[in-house]
Number of protein chains: 2
Amino acid sequence: MITLDDVAQKAGVSASTVSRVLNNTGRVSDKVREHVKNVIEAMGYQPNSNARALASKRTEVVGLVTPNISLSFNSVLASGVSELVQQRNYKMLVTNSYNDKRNEINAINSFRAQGLENILVHSHALSDRELVALATDIKGLVVINRFIKKIAHRCVWLDNVEAGKVAAEYCLNRGHTKIAMMMHKHQSNDDKRRIEGITLALNEKGLSVNPDAILYGKGGEDLGRKLAKQLIESELEYTTVIAYNDLIAAGALNEFQDQGIRVPEDVSIIGFDNLFICTLTRPSLTTIHHPICEMAKYAANLSINLVDAETETNKDTHLFLPTLVERDSVYAIQ
Amino acid sequence: MITLDDVAQKAGVSASTVSRVLNNTGRVSDKVREHVKNVIEAMGYQPNSNARALASKRTEVVGLVTPNISLSFNSVLASGVSELVQQRNYKMLVTNSYNDKRNEINAINSFRAQGLENILVHSHALSDRELVALATDIKGLVVINRFIKKIAHRCVWLDNVEAGKVAAEYCLNRGHTKIAMMMHKHQSNDDKRRIEGITLALNEKGLSVNPDAILYGKGGEDLGRKLAKQLIESELEYTTVIAYNDLIAAGALNEFQDQGIRVPEDVSIIGFDNLFICTLTRPSLTTIHHPICEMAKYAANLSINLVDAETETNKDTHLFLPTLVERDSVYAIQ
DNA sequence: CTGAAAGCGCTTACAG
DNA sequence: CTGAAAGCGCTTACAG
């Protein structure tokens, strides 16, 4: 391994100077700078990032804690972070939390033990108050996909009320008034906000949500299948179901069809997220696009700026808007 | 931030001793060990991993470079690595290469700049010779999903010949003799090996592969659709298509059906990988299971052991076997 | 503009 | 079994 001292010696300058050209900091004459750069290039020198981190007290790494990177939503999120991070010459550390609070905390602590302040959390397990406490402690902590008022400028979130509204309005416009929902409960209360939006849209038309038609559970495709069964066996009236995410929607879609119920002719389904699977199902899935990749990039960038004192801290709120993507799973009754 | 010296002072011992109990190294009396542990616990001390890495010249991090973590195959791979890594108290750094050779090399170099030797590469862009050179340089480099003879004990790979054979035999057993293939070309030559396996199976029955029926291209679902169109417009005879992966298979499956060609009655399709999408398509996708998660865990573990001198170096070859997962996309002609 | 020196928070021979 | 000291490879005031 070749060190900064080796470079300094070879270039006939001091370590300080090499460090300065490396970091583009302090004044160095153009001549010397050029020369040192050449030597660095020639020797193929790469600074040791541990030494650097130790001495400067900052690491060029962002840590991501997310439920489970093998799930599409999470992997798209991670990919967004990865892209921005590579662009800014940072690295990305990833930890799966499996939605377990202890894991989330451990992951964050282990990042901090490294002096790492750029931490992105996509958490369903920690409470608002816990996240607020962490954010106060950790300058670069950014919460993805969740809104917490007290740390609004550290949250990169989606307008879930609007999302619910958009979904419901689309259904209403196509003649659907009896809406069932398949929801997944989380600390983040996404589900509640979406239901709120759906309620708003219905109320505007003088209609209301049937609380019995809001089904809950845990899972993905399997949950969709399970709740579809539940719906089929129930006495509920519904012409469309709004699902918490695309996986649940896809599961439901298949269960309905496997039981001889046509989608969308007999029952319509609308998903959420706009994952790649939406074009794979038959019928393809109409869904709400969740700009998770953009949000991830934005969050990573925000976190880096937050820690990097030179950049002005952004006190804005970071809100993203959902959009409807029309495909074939919602029937036009009229 | 609280340091090792703080702990030492509080405990009334030297830094060396604290370090020893931290690392479970050297002799420390039970009494002192106990006491120091208590102080550590009480103070909530966490060692700085940068300092540790710098002093000891080893980092407890494994770096993964993979084409694109937003794709399911890659994310399952990453998830496997993540799981093992968490288990062994390591962390995982991830970089997307987008199948670009420069990116792969840069990622590896940036890992090394950190003194990181535990590097896992899932590469389609680097040549065998380049990987061999890297492996010689980097003690803990492990190649996932590719076999290179010269560094056989550093490769964790799947028997692709067997995979092709299994797929073809399954088709043959169901009465299919005219097999088309949708392949994706890579440096790794997976495609060639699978074709070899398919050829083997056909030859055993006195049949042979029609080279014109081997279609190539780049992409996922879109490629499947494109090649399906190509197949439909061609004069080729085929009753089944073996796809390079599930995404391609799913795309083809939908294209056929969208054009009124029934799957599997008119044409059968067999995928590869056994991703979660296999149960989402209609018909569900018969496929070859690729134990990528297990392979990822195995590879991560191998890499750690390779670097960790205390563990004996494993000179074995690390071969995994594919298995067929039967679903609904292959028709029994007889 | 440039260099000498101290320091970042650990680990690890070396003594004892 | 335990401690003092040097060193890991950088950065960053501090002088000049």
# chains A, B, ... in the order shown; residues from 1 in each chain; ligands from 1

call {"tool": "interface_residues", "arguments": {"of": "chain C", "to": "chain A", "cutoff": "7 Å", "atoms": "only C-alpha atoms (C1' of nucleotides)", "output": "list in words"}}
result
DC1, DT2, DG3 and DC8 of chain C

call {"tool": "interface_residues", "arguments": {"of": "chain B", "to": "chain A", "cutoff": "7 Å", "atoms": "only C-alpha atoms", "output": "ChimeraX atom specification"}}
result
/B:46-51,53-54,69-70,72,75-76,79,82,92-95,113-114,250,280-282

call {"tool": "select_by_dssp", "arguments": {"residues": "range 3-88 of chain B", "states": "alpha helix (DSSP H)", "output": "number ranges by chain"}}
result
B: 4-11, 15-23, 30-43, 49-56, 72-87

call {"tool": "atom_distance", "arguments": {"atom1": "CA of Val325 in chain B", "atom2": "CA of Val156 in chain B"}}
result
21.8 Å

call {"tool": "residues_around", "arguments": {"residues": "DC14 in chain C", "least_positions_apart": "3", "cutoff": "12 Å", "atoms": "only C-alpha atoms (C1' of nucleotides)", "output": "number ranges by chain"}}
result
D: 3-6

call {"tool": "select_by_dssp", "arguments": {"residues": "range 43-251 of chain B", "states": "strand (DSSP E)", "output": "PDB file with N, CA, C and O atoms, in the first residue's frame"}}
result
ATOM      1  N   VAL B  61     -16.022  -4.923   7.198  1.00  0.00           N
ATOM      2  CA  VAL B  61     -16.969  -4.506   6.170  1.00  0.00           C
ATOM      3  C   VAL B  61     -16.784  -5.415   4.973  1.00  0.00           C
ATOM      4  O   VAL B  61     -15.656  -5.783   4.652  1.00  0.00           O
ATOM      5  N   VAL B  62     -17.872  -5.804   4.350  1.00  0.00           N
ATOM      6  CA  VAL B  62     -17.699  -6.447   3.058  1.00  0.00           C
ATOM      7  C   VAL B  62     -18.317  -5.560   1.999  1.00  0.00           C
ATOM      8  O   VAL B  62     -19.354  -4.932   2.201  1.00  0.00           O
ATOM      9  N   GLY B  63     -17.609  -5.464   0.894  1.00  0.00           N
ATOM     10  CA  GLY B  63     -18.059  -4.626  -0.207  1.00  0.00           C
ATOM     11  C   GLY B  63     -18.640  -5.506  -1.305  1.00  0.00           C
ATOM     12  O   GLY B  63     -18.049  -6.511  -1.669  1.00  0.00           O
ATOM     13  N   LEU B  64     -19.784  -5.099  -1.784  1.00  0.00           N
ATOM     14  CA  LEU B  64     -20.421  -5.853  -2.858  1.00  0.00           C
ATOM     15  C   LEU B  64     -20.513  -4.989  -4.100  1.00  0.00           C
ATOM     16  O   LEU B  64     -20.992  -3.860  -4.034  1.00  0.00           O
ATOM     17  N   VAL B  65     -20.041  -5.504  -5.210  1.00  0.00           N
ATOM     18  CA  VAL B  65     -20.306  -4.782  -6.460  1.00  0.00           C
ATOM     19  C   VAL B  65     -21.136  -5.668  -7.361  1.00  0.00           C
ATOM     20  O   VAL B  65     -20.819  -6.827  -7.603  1.00  0.00           O
ATOM     21  N   THR B  66     -22.244  -5.122  -7.766  1.00  0.00           N
ATOM     22  CA  THR B  66     -23.252  -5.871  -8.504  1.00  0.00           C
ATOM     23  C   THR B  66     -23.870  -4.940  -9.547  1.00  0.00           C
ATOM     24  O   THR B  66     -23.800  -3.727  -9.391  1.00  0.00           O
ATOM     25  N   LYS B  91     -20.369  -5.075   8.226  1.00  0.00           N
ATOM     26  CA  LYS B  91     -21.303  -4.203   7.519  1.00  0.00           C
ATOM     27  C   LYS B  91     -21.177  -4.448   6.022  1.00  0.00           C
ATOM     28  O   LYS B  91     -20.204  -5.035   5.571  1.00  0.00           O
ATOM     29  N   MET B  92     -22.154  -3.973   5.288  1.00  0.00           N
ATOM     30  CA  MET B  92     -22.137  -4.193   3.844  1.00  0.00           C
ATOM     31  C   MET B  92     -22.174  -2.880   3.071  1.00  0.00           C
ATOM     32  O   MET B  92     -23.052  -2.056   3.246  1.00  0.00           O
ATOM     33  N   LEU B  93     -21.204  -2.737   2.200  1.00  0.00           N
ATOM     34  CA  LEU B  93     -21.122  -1.597   1.297  1.00  0.00           C
ATOM     35  C   LEU B  93     -21.576  -2.092  -0.077  1.00  0.00           C
ATOM     36  O   LEU B  93     -21.137  -3.149  -0.512  1.00  0.00           O
ATOM     37  N   VAL B  94     -22.427  -1.340  -0.733  1.00  0.00           N
ATOM     38  CA  VAL B  94     -22.927  -1.791  -2.029  1.00  0.00           C
ATOM     39  C   VAL B  94     -22.664  -0.761  -3.116  1.00  0.00           C
ATOM     40  O   VAL B  94     -22.894   0.430  -2.904  1.00  0.00           O
ATOM     41  N   THR B  95     -22.197  -1.212  -4.250  1.00  0.00           N
ATOM     42  CA  THR B  95     -22.041  -0.320  -5.397  1.00  0.00           C
ATOM     43  C   THR B  95     -22.646  -0.940  -6.651  1.00  0.00           C
ATOM     44  O   THR B  95     -22.409  -2.105  -6.947  1.00  0.00           O
ATOM     45  N   ASN B  96     -23.421  -0.150  -7.346  1.00  0.00           N
ATOM     46  CA  ASN B  96     -23.953  -0.580  -8.640  1.00  0.00           C
ATOM     47  C   ASN B  96     -22.897  -0.370  -9.721  1.00  0.00           C
ATOM     48  O   ASN B  96     -22.295   0.697  -9.795  1.00  0.00           O
ATOM     49  N   ILE B 119     -14.184  -8.402  -0.632  1.00  0.00           N
ATOM     50  CA  ILE B 119     -14.898  -7.865  -1.784  1.00  0.00           C
ATOM     51  C   ILE B 119     -15.610  -8.967  -2.553  1.00  0.00           C
ATOM     52  O   ILE B 119     -15.010  -9.978  -2.913  1.00  0.00           O
ATOM     53  N   LEU B 120     -16.887  -8.748  -2.768  1.00  0.00           N
ATOM     54  CA  LEU B 120     -17.696  -9.708  -3.514  1.00  0.00           C
ATOM     55  C   LEU B 120     -18.064  -9.087  -4.855  1.00  0.00           C
ATOM     56  O   LEU B 120     -18.667  -8.014  -4.891  1.00  0.00           O
ATOM     57  N   VAL B 121     -17.713  -9.750  -5.931  1.00  0.00           N
ATOM     58  CA  VAL B 121     -18.082  -9.206  -7.232  1.00  0.00           C
ATOM     59  C   VAL B 121     -19.006 -10.123  -8.007  1.00  0.00           C
ATOM     60  O   VAL B 121     -18.744 -11.301  -8.167  1.00  0.00           O
ATOM     61  N   LEU B 141     -11.137 -11.382  -2.157  1.00  0.00           N
ATOM     62  CA  LEU B 141     -12.030 -11.220  -3.301  1.00  0.00           C
ATOM     63  C   LEU B 141     -12.706 -12.538  -3.663  1.00  0.00           C
ATOM     64  O   LEU B 141     -12.047 -13.552  -3.854  1.00  0.00           O
ATOM     65  N   VAL B 142     -14.008 -12.498  -3.753  1.00  0.00           N
ATOM     66  CA  VAL B 142     -14.767 -13.683  -4.136  1.00  0.00           C
ATOM     67  C   VAL B 142     -15.676 -13.332  -5.312  1.00  0.00           C
ATOM     68  O   VAL B 142     -16.336 -12.297  -5.303  1.00  0.00           O
ATOM     69  N   VAL B 143     -15.674 -14.195  -6.288  1.00  0.00           N
ATOM     70  CA  VAL B 143     -16.494 -13.985  -7.477  1.00  0.00           C
ATOM     71  C   VAL B 143     -17.793 -14.762  -7.319  1.00  0.00           C
ATOM     72  O   VAL B 143     -17.774 -15.969  -7.068  1.00  0.00           O
ATOM     73  N   ILE B 144     -18.887 -14.049  -7.450  1.00  0.00           N
ATOM     74  CA  ILE B 144     -20.181 -14.714  -7.308  1.00  0.00           C
ATOM     75  C   ILE B 144     -20.787 -14.985  -8.667  1.00  0.00           C
ATOM     76  O   ILE B 144     -20.756 -14.145  -9.545  1.00  0.00           O
ATOM     77  N   CYS B 155     -14.444 -18.817  -6.425  1.00  0.00           N
ATOM     78  CA  CYS B 155     -15.684 -18.651  -7.176  1.00  0.00           C
ATOM     79  C   CYS B 155     -16.822 -19.410  -6.521  1.00  0.00           C
ATOM     80  O   CYS B 155     -16.687 -20.583  -6.192  1.00  0.00           O
ATOM     81  N   VAL B 156     -17.934 -18.712  -6.355  1.00  0.00           N
ATOM     82  CA  VAL B 156     -19.134 -19.362  -5.859  1.00  0.00           C
ATOM     83  C   VAL B 156     -20.095 -19.367  -7.034  1.00  0.00           C
ATOM     84  O   VAL B 156     -20.588 -18.324  -7.451  1.00  0.00           O
ATOM     85  N   TRP B 157     -20.344 -20.520  -7.570  1.00  0.00           N
ATOM     86  CA  TRP B 157     -21.021 -20.571  -8.863  1.00  0.00           C
ATOM     87  C   TRP B 157     -22.098 -21.626  -8.962  1.00  0.00           C
ATOM     88  O   TRP B 157     -22.200 -22.535  -8.148  1.00  0.00           O
ATOM     89  N   LEU B 158     -22.861 -21.475 -10.004  1.00  0.00           N
ATOM     90  CA  LEU B 158     -23.972 -22.376 -10.258  1.00  0.00           C
ATOM     91  C   LEU B 158     -23.615 -23.253 -11.442  1.00  0.00           C
ATOM     92  O   LEU B 158     -23.008 -22.792 -12.406  1.00  0.00           O
ATOM     93  N   ILE B 179     -37.170 -26.738 -29.297  1.00  0.00           N
ATOM     94  CA  ILE B 179     -36.935 -25.766 -28.238  1.00  0.00           C
ATOM     95  C   ILE B 179     -36.303 -24.495 -28.782  1.00  0.00           C
ATOM     96  O   ILE B 179     -35.283 -24.540 -29.465  1.00  0.00           O
ATOM     97  N   ALA B 180     -36.935 -23.360 -28.482  1.00  0.00           N
ATOM     98  CA  ALA B 180     -36.323 -22.071 -28.816  1.00  0.00           C
ATOM     99  C   ALA B 180     -35.694 -21.506 -27.544  1.00  0.00           C
ATOM    100  O   ALA B 180     -36.086 -21.878 -26.436  1.00  0.00           O
ATOM    101  N   MET B 181     -34.737 -20.620 -27.692  1.00  0.00           N
ATOM    102  CA  MET B 181     -34.088 -20.044 -26.507  1.00  0.00           C
ATOM    103  C   MET B 181     -34.000 -18.537 -26.631  1.00  0.00           C
ATOM    104  O   MET B 181     -33.761 -18.010 -27.716  1.00  0.00           O
ATOM    105  N   MET B 182     -34.183 -17.890 -25.502  1.00  0.00           N
ATOM    106  CA  MET B 182     -34.031 -16.440 -25.448  1.00  0.00           C
ATOM    107  C   MET B 182     -32.877 -16.150 -24.504  1.00  0.00           C
ATOM    108  O   MET B 182     -33.005 -16.337 -23.299  1.00  0.00           O
ATOM    109  N   MET B 183     -31.791 -15.707 -25.055  1.00  0.00           N
ATOM    110  CA  MET B 183     -30.574 -15.590 -24.264  1.00  0.00           C
ATOM    111  C   MET B 183     -30.060 -14.157 -24.140  1.00  0.00           C
ATOM    112  O   MET B 183     -30.389 -13.294 -24.952  1.00  0.00           O
ATOM    113  N   HIS B 184     -29.241 -13.985 -23.154  1.00  0.00           N
ATOM    114  CA  HIS B 184     -28.631 -12.689 -22.874  1.00  0.00           C
ATOM    115  C   HIS B 184     -27.140 -12.941 -22.832  1.00  0.00           C
ATOM    116  O   HIS B 184     -26.685 -13.829 -22.136  1.00  0.00           O
ATOM    117  N   ILE B 214     -31.890 -19.957 -31.366  1.00  0.00           N
ATOM    118  CA  ILE B 214     -31.275 -19.327 -30.202  1.00  0.00           C
ATOM    119  C   ILE B 214     -31.236 -17.829 -30.439  1.00  0.00           C
ATOM    120  O   ILE B 214     -30.441 -17.332 -31.238  1.00  0.00           O
ATOM    121  N   LEU B 215     -32.102 -17.111 -29.778  1.00  0.00           N
ATOM    122  CA  LEU B 215     -32.207 -15.666 -29.974  1.00  0.00           C
ATOM    123  C   LEU B 215     -31.447 -14.922 -28.881  1.00  0.00           C
ATOM    124  O   LEU B 215     -31.453 -15.324 -27.721  1.00  0.00           O
ATOM    125  N   TYR B 216     -30.833 -13.827 -29.293  1.00  0.00           N
ATOM    126  CA  TYR B 216     -30.062 -13.046 -28.326  1.00  0.00           C
ATOM    127  C   TYR B 216     -30.517 -11.603 -28.256  1.00  0.00           C
ATOM    128  O   TYR B 216     -31.119 -11.083 -29.212  1.00  0.00           O
ATOM    129  N   GLY B 217     -30.199 -10.946 -27.175  1.00  0.00           N
ATOM    130  CA  GLY B 217     -30.503  -9.528 -27.048  1.00  0.00           C
ATOM    131  C   GLY B 217     -30.137  -9.041 -25.657  1.00  0.00           C
ATOM    132  O   GLY B 217     -29.546  -9.783 -24.869  1.00  0.00           O
ATOM    133  N   THR B 240     -41.712 -24.843 -27.289  1.00  0.00           N
ATOM    134  CA  THR B 240     -41.362 -24.321 -25.961  1.00  0.00           C
ATOM    135  C   THR B 240     -40.188 -23.361 -26.073  1.00  0.00           C
ATOM    136  O   THR B 240     -39.363 -23.479 -26.971  1.00  0.00           O
ATOM    137  N   VAL B 241     -40.158 -22.383 -25.176  1.00  0.00           N
ATOM    138  CA  VAL B 241     -38.984 -21.526 -25.150  1.00  0.00           C
ATOM    139  C   VAL B 241     -38.358 -21.539 -23.759  1.00  0.00           C
ATOM    140  O   VAL B 241     -39.057 -21.497 -22.745  1.00  0.00           O
ATOM    141  N   ILE B 242     -37.050 -21.663 -23.759  1.00  0.00           N
ATOM    142  CA  ILE B 242     -36.291 -21.603 -22.515  1.00  0.00           C
ATOM    143  C   ILE B 242     -35.665 -20.216 -22.455  1.00  0.00           C
ATOM    144  O   ILE B 242     -34.913 -19.833 -23.346  1.00  0.00           O
ATOM    145  N   ALA B 243     -35.985 -19.469 -21.415  1.00  0.00           N
ATOM    146  CA  ALA B 243     -35.509 -18.093 -21.324  1.00  0.00           C
ATOM    147  C   ALA B 243     -34.302 -17.988 -20.404  1.00  0.00           C
ATOM    148  O   ALA B 243     -34.126 -18.800 -19.500  1.00  0.00           O
TER     149      ALA B 243
END

call {"tool": "residues_around", "arguments": {"residues": "Ala11 in chain A", "least_positions_apart": "3", "cutoff": "12 Å", "atoms": "only C-alpha atoms (C1' of nucleotides)", "output": "count of residues only"}}
result
22

call {"tool": "atom_distance", "arguments": {"atom1": "CA of Tyr331 in chain B", "atom2": "CA of Lys165 in chain B"}}
result
18.1 Å
